[in-house]
Amino acid sequence: MSDIANSESRRAIVLLSGGLDSMVSGGLAREQGYSLAALTIDYNQRHRVELEAAKRVAVALGVDRHVTLPLNLRAFGGSSLTDDIDVPKDGVQPGIPSTYVPARNTIFLSLALGFAEATGARHIFLGVNALDYSGYPDCRPEFISAFQHLADLATRMGVEGQGFTIHAPLQHMTKADIAREADRLGLDAGMSWSCYDPTPDGRHCGLCDSCRLRSKGFDEAGLRDPTVYA
């Protein structure tokens with residue numbers, strides 16, 4: 001294998017939202033020896049503070065390129081993150097909550113796939129998990145497996161036998177596991193942002209599903225939660 005081919009095979013795109021999960025996913029990619037580029041999607045989400053968190057995390061991970069791509073999903077709406085719909089704050093309930101953004105991970109992974117092929121990267125990391133989560137359909141292992149197949153069918157690199165690997169290293173972790181991994185990797189969890197409905201003074205609301213799952217994870221891990229809640 002040539003030096004160029006070898007460098008491309010050890011290069012990864014990290015989908016970086018600014019949240020705890022994507023931060024740990026990137027940290028695990030770095031630990032495995034990949035050189036990293038990060039892709040953050042500015043989809044005009046109501047919790048735009050996470051975009052600043054993504055910048056902090058990208059620096060901490062030592063990525064060599066960080067692209068923040070504007071994509072106004074408010075034009076579609078259909079979610080309490082992109083529309084004038086209240087973020088639910090009654091605790092994690094059965095079913096798919098209004099914070100689900102239609103086809104978000106499909107859209108984001110497609111963009112990451114384009115970024116990967118354009119730059120010669122053959123690995124994509126994202127921080128989805130299917131244990132302590134809000135029930136989103138595009139966080140399930142079946143979805144990741146299906147997108148892996150799609151990536152090989154839909155790209156020149158895939159057709160030419162230089163396919164991609166979609167990594168979801170947190171897939172079967174609890175939030176407590178993820179909090180422990182952040183600690184083990186030496187990542188400051190306080191850099192990350194989880195809240196879907198930040199307070200005007202820039203704190204986590206403490207009541208949305210994402211806040212509840214985050215707090216639960218640190219509590220069950222026996223770790224200090226660095227998050228400032230309202």
# chains A, B, ... in the order shown; residues from 1 in each chain; ligands from 1
$ select_by_dssp --residues "segment 31-181 of chain A" --states "strand (DSSP E)" --output "ChimeraX atom specification"
/A:35-42,65-70,123-125,165-167
$ closest_atom_pairs --of "segment 124-188 of chain A" --to "segment 20-32 of chain A" --cutoff "12 Å" --atoms "only C-alpha atoms" --output "tab-separated table"
residue	atom	partner	partner_atom	distance
A:Ile124	CA	A:Ala29	CA	9.2
A:Phe125	CA	A:Ser25	CA	6.4
A:Leu126	CA	A:Ser22	CA	6.1
A:Gly127	CA	A:Ser22	CA	4.4
A:Val128	CA	A:Asp21	CA	7.0
A:Asn129	CA	A:Asp21	CA	8.2
A:Ala130	CA	A:Asp21	CA	11.7
A:Asp132	CA	A:Asp21	CA	11.2
A:Tyr133	CA	A:Asp21	CA	10.7
A:Cys139	CA	A:Asp21	CA	12.0
A:Ile166	CA	A:Ala29	CA	11.6
A:His167	CA	A:Ser25	CA	8.7
A:Ala168	CA	A:Ser25	CA	7.5
A:Pro169	CA	A:Ser25	CA	6.4
A:Leu170	CA	A:Ser25	CA	6.9
A:Gln171	CA	A:Ser25	CA	10.0
A:Met173	CA	A:Asp21	CA	10.1
A:Thr174	CA	A:Asp21	CA	10.5
A:Lys175	CA	A:Asp21	CA	8.5
A:Ala176	CA	A:Asp21	CA	11.2
A:Asp177	CA	A:Val24	CA	10.4
A:Ile178	CA	A:Asp21	CA	6.9
A:Ala179	CA	A:Leu20	CA	8.0
A:Arg180	CA	A:Val24	CA	9.7
A:Glu181	CA	A:Val24	CA	6.8
A:Ala182	CA	A:Val24	CA	5.7
A:Asp183	CA	A:Val24	CA	9.4
A:Arg184	CA	A:Val24	CA	9.9
A:Leu185	CA	A:Gly27	CA	6.7
A:Gly186	CA	A:Gly27	CA	8.9
A:Leu187	CA	A:Gly27	CA	7.7
A:Asp188	CA	A:Met23	CA	9.5
$ closest_atom_pairs --of "segment 70-174 of chain A" --to "segment 33-37 of chain A" --cutoff "12 Å" --atoms "only C-alpha atoms" --output "JSON lines"
{"residue": "A:Ala112", "atom": "CA", "partner": "A:Ala37", "partner_atom": "CA", "distance": 10.2}
{"residue": "A:Phe115", "atom": "CA", "partner": "A:Ala37", "partner_atom": "CA", "distance": 9.3}
{"residue": "A:Ala116", "atom": "CA", "partner": "A:Ala37", "partner_atom": "CA", "distance": 9.0}
{"residue": "A:Thr119", "atom": "CA", "partner": "A:Ala37", "partner_atom": "CA", "distance": 9.5}
{"residue": "A:Gly120", "atom": "CA", "partner": "A:Ala37", "partner_atom": "CA", "distance": 11.2}
{"residue": "A:Ala121", "atom": "CA", "partner": "A:Ala37", "partner_atom": "CA", "distance": 9.0}
{"residue": "A:Arg122", "atom": "CA", "partner": "A:Tyr34", "partner_atom": "CA", "distance": 10.5}
{"residue": "A:His123", "atom": "CA", "partner": "A:Tyr34", "partner_atom": "CA", "distance": 8.8}
{"residue": "A:Ile124", "atom": "CA", "partner": "A:Leu36", "partner_atom": "CA", "distance": 9.7}
{"residue": "A:Phe125", "atom": "CA", "partner": "A:Leu36", "partner_atom": "CA", "distance": 9.7}
$ write_last_selection --atoms "N, CA, C and O atoms" --output "CSV table (one decimal), in the first residue's frame"
chain,number,residue,atom,x,y,z
A,112,ALA,N,-21.7,13.7,5.5
A,112,ALA,CA,-20.4,13.2,5.9
A,112,ALA,C,-19.8,12.3,4.9
A,112,ALA,O,-18.6,12.3,4.6
A,115,PHE,N,-18.3,14.4,2.2
A,115,PHE,CA,-17.1,15.0,2.7
A,115,PHE,C,-16.0,14.0,2.7
A,115,PHE,O,-14.8,14.2,2.3
A,116,ALA,N,-16.3,12.8,3.1
A,116,ALA,CA,-15.3,11.7,3.2
A,116,ALA,C,-14.8,11.4,1.8
A,116,ALA,O,-13.6,11.3,1.5
A,119,THR,N,-12.5,14.0,0.3
A,119,THR,CA,-11.2,14.1,0.9
A,119,THR,C,-10.4,12.8,1.0
A,119,THR,O,-9.3,12.8,1.5
A,120,GLY,N,-11.0,11.8,0.5
A,120,GLY,CA,-10.3,10.5,0.5
A,120,GLY,C,-10.4,9.7,1.8
A,120,GLY,O,-9.8,8.7,1.9
A,121,ALA,N,-11.2,10.2,2.7
A,121,ALA,CA,-11.3,9.5,4.0
A,121,ALA,C,-12.2,8.3,3.8
A,121,ALA,O,-13.2,8.3,3.0
A,122,ARG,N,-11.9,7.2,4.5
A,122,ARG,CA,-12.7,6.0,4.3
A,122,ARG,C,-13.5,5.6,5.6
A,122,ARG,O,-14.1,4.5,5.6
A,123,HIS,N,-13.4,6.4,6.6
A,123,HIS,CA,-14.1,6.1,7.8
A,123,HIS,C,-14.9,7.3,8.3
A,123,HIS,O,-14.5,8.4,8.2
A,124,ILE,N,-16.1,7.0,8.8
A,124,ILE,CA,-17.0,8.0,9.4
A,124,ILE,C,-17.4,7.6,10.8
A,124,ILE,O,-17.9,6.5,11.0
A,125,PHE,N,-17.2,8.5,11.7
A,125,PHE,CA,-17.6,8.2,13.1
A,125,PHE,C,-18.8,9.1,13.5
A,125,PHE,O,-18.8,10.3,13.2
$ atom_distance --atom1 "atom CA of Val159 of chain A" --atom2 "atom CA of Ala146 of chain A"
16.3 Å
$ select_by_dssp --residues "segment 44-217 of chain A" --states "alpha helix (DSSP H)" --output "VMD selection string"
chain A and resid 49 to 61 104 to 119 141 to 154 156 to 159 175 to 184 209 to 217
$ write_last_selection --atoms "C-alpha atoms" --output "PDB file, in the first residue's frame"
ATOM      1  CA  VAL A  49     -25.096  27.140  21.507  1.00  0.00           C
ATOM      2  CA  GLU A  50     -24.012  23.601  20.605  1.00  0.00           C
ATOM      3  CA  LEU A  51     -22.224  25.016  17.544  1.00  0.00           C
ATOM      4  CA  GLU A  52     -19.815  26.857  19.862  1.00  0.00           C
ATOM      5  CA  ALA A  53     -19.384  23.642  21.832  1.00  0.00           C
ATOM      6  CA  ALA A  54     -18.473  21.848  18.609  1.00  0.00           C
ATOM      7  CA  LYS A  55     -15.722  24.374  17.974  1.00  0.00           C
ATOM      8  CA  ARG A  56     -14.287  23.774  21.457  1.00  0.00           C
ATOM      9  CA  VAL A  57     -14.442  20.013  21.080  1.00  0.00           C
ATOM     10  CA  ALA A  58     -12.827  20.120  17.625  1.00  0.00           C
ATOM     11  CA  VAL A  59      -9.850  21.983  19.091  1.00  0.00           C
ATOM     12  CA  ALA A  60      -9.610  19.516  21.998  1.00  0.00           C
ATOM     13  CA  LEU A  61      -9.635  16.560  19.598  1.00  0.00           C
ATOM     14  CA  ARG A 104     -31.691  14.047  10.408  1.00  0.00           C
ATOM     15  CA  ASN A 105     -29.077  11.314  10.727  1.00  0.00           C
ATOM     16  CA  THR A 106     -29.723  10.158   7.161  1.00  0.00           C
ATOM     17  CA  ILE A 107     -29.144  13.700   5.942  1.00  0.00           C
ATOM     18  CA  PHE A 108     -26.091  14.252   8.130  1.00  0.00           C
ATOM     19  CA  LEU A 109     -24.486  10.932   7.248  1.00  0.00           C
ATOM     20  CA  SER A 110     -25.038  11.632   3.555  1.00  0.00           C
ATOM     21  CA  LEU A 111     -23.191  14.925   3.932  1.00  0.00           C
ATOM     22  CA  ALA A 112     -20.409  13.233   5.902  1.00  0.00           C
ATOM     23  CA  LEU A 113     -20.177  10.614   3.159  1.00  0.00           C
ATOM     24  CA  GLY A 114     -19.746  13.335   0.546  1.00  0.00           C
ATOM     25  CA  PHE A 115     -17.079  15.020   2.684  1.00  0.00           C
ATOM     26  CA  ALA A 116     -15.304  11.685   3.152  1.00  0.00           C
ATOM     27  CA  GLU A 117     -15.251  10.841  -0.544  1.00  0.00           C
ATOM     28  CA  ALA A 118     -14.139  14.351  -1.502  1.00  0.00           C
ATOM     29  CA  THR A 119     -11.180  14.150   0.893  1.00  0.00           C
ATOM     30  CA  PRO A 141     -28.150  -0.519  14.668  1.00  0.00           C
ATOM     31  CA  GLU A 142     -30.389  -1.480  11.715  1.00  0.00           C
ATOM     32  CA  PHE A 143     -30.131   2.053  10.392  1.00  0.00           C
ATOM     33  CA  ILE A 144     -26.323   2.146  10.662  1.00  0.00           C
ATOM     34  CA  SER A 145     -26.078  -1.208   8.895  1.00  0.00           C
ATOM     35  CA  ALA A 146     -28.399  -0.049   6.111  1.00  0.00           C
ATOM     36  CA  PHE A 147     -26.473   3.191   5.601  1.00  0.00           C
ATOM     37  CA  GLN A 148     -23.214   1.230   5.441  1.00  0.00           C
ATOM     38  CA  HIS A 149     -24.678  -0.732   2.522  1.00  0.00           C
ATOM     39  CA  LEU A 150     -25.947   2.474   0.908  1.00  0.00           C
ATOM     40  CA  ALA A 151     -22.498   4.096   1.180  1.00  0.00           C
ATOM     41  CA  ASP A 152     -20.932   1.274  -0.793  1.00  0.00           C
ATOM     42  CA  LEU A 153     -23.615   1.436  -3.500  1.00  0.00           C
ATOM     43  CA  ALA A 154     -23.844   5.197  -3.859  1.00  0.00           C
ATOM     44  CA  ARG A 156     -17.411   5.957  -6.747  1.00  0.00           C
ATOM     45  CA  MET A 157     -15.065   4.758  -3.994  1.00  0.00           C
ATOM     46  CA  GLY A 158     -17.578   2.100  -2.981  1.00  0.00           C
ATOM     47  CA  VAL A 159     -18.120   0.883  -6.548  1.00  0.00           C
ATOM     48  CA  LYS A 175     -25.062   7.244  29.146  1.00  0.00           C
ATOM     49  CA  ALA A 176     -23.100   6.136  32.202  1.00  0.00           C
ATOM     50  CA  ASP A 177     -20.726   4.189  29.938  1.00  0.00           C
ATOM     51  CA  ILE A 178     -20.338   7.268  27.735  1.00  0.00           C
ATOM     52  CA  ALA A 179     -19.620   9.528  30.709  1.00  0.00           C
ATOM     53  CA  ARG A 180     -16.972   7.068  31.899  1.00  0.00           C
ATOM     54  CA  GLU A 181     -15.405   6.973  28.432  1.00  0.00           C
ATOM     55  CA  ALA A 182     -15.162  10.765  28.373  1.00  0.00           C
ATOM     56  CA  ASP A 183     -13.394  10.614  31.717  1.00  0.00           C
ATOM     57  CA  ARG A 184     -11.078   7.793  30.616  1.00  0.00           C
ATOM     58  CA  ASP A 209     -34.903  14.492  27.512  1.00  0.00           C
ATOM     59  CA  SER A 210     -31.314  15.256  26.605  1.00  0.00           C
ATOM     60  CA  CYS A 211     -30.607  16.983  29.939  1.00  0.00           C
ATOM     61  CA  ARG A 212     -32.261  14.191  31.886  1.00  0.00           C
ATOM     62  CA  LEU A 213     -30.271  11.493  30.096  1.00  0.00           C
ATOM     63  CA  ARG A 214     -27.023  13.422  30.535  1.00  0.00           C
ATOM     64  CA  SER A 215     -27.582  13.972  34.262  1.00  0.00           C
ATOM     65  CA  LYS A 216     -28.615  10.338  34.743  1.00  0.00           C
ATOM     66  CA  GLY A 217     -25.458   9.169  32.994  1.00  0.00           C
TER      67      GLY A 217
END
$ closest_residue --among "A:Asp219, A:Ser79, A:Arg11, A:Val101" --to "Arg65 of chain A" --atoms "only C-alpha atoms"
A:Arg11
$ residues_around --residues "Ile41 of chain A" --least-positions-apart "3" --cutoff "7 Å" --atoms "only C-alpha atoms" --output "list in words"
Thr68, Leu69, Pro70 and Leu71 of chain A
$ write_last_selection --atoms "N, CA and C atoms" --output "PDB file, in the first residue's frame"
ATOM      1  N   THR A  68     -18.049  23.668   9.287  1.00  0.00           N
ATOM      2  CA  THR A  68     -19.403  23.894   9.776  1.00  0.00           C
ATOM      3  C   THR A  68     -20.262  24.244   8.578  1.00  0.00           C
ATOM      4  N   LEU A  69     -21.194  23.372   8.262  1.00  0.00           N
ATOM      5  CA  LEU A  69     -21.962  23.475   7.026  1.00  0.00           C
ATOM      6  C   LEU A  69     -23.366  23.988   7.318  1.00  0.00           C
ATOM      7  N   PRO A  70     -23.773  25.114   6.725  1.00  0.00           N
ATOM      8  CA  PRO A  70     -25.125  25.622   6.946  1.00  0.00           C
ATOM      9  C   PRO A  70     -26.161  24.826   6.154  1.00  0.00           C
ATOM     10  N   LEU A  71     -27.247  24.470   6.839  1.00  0.00           N
ATOM     11  CA  LEU A  71     -28.324  23.711   6.210  1.00  0.00           C
ATOM     12  C   LEU A  71     -29.611  24.040   6.968  1.00  0.00           C
TER      13      LEU A  71
END
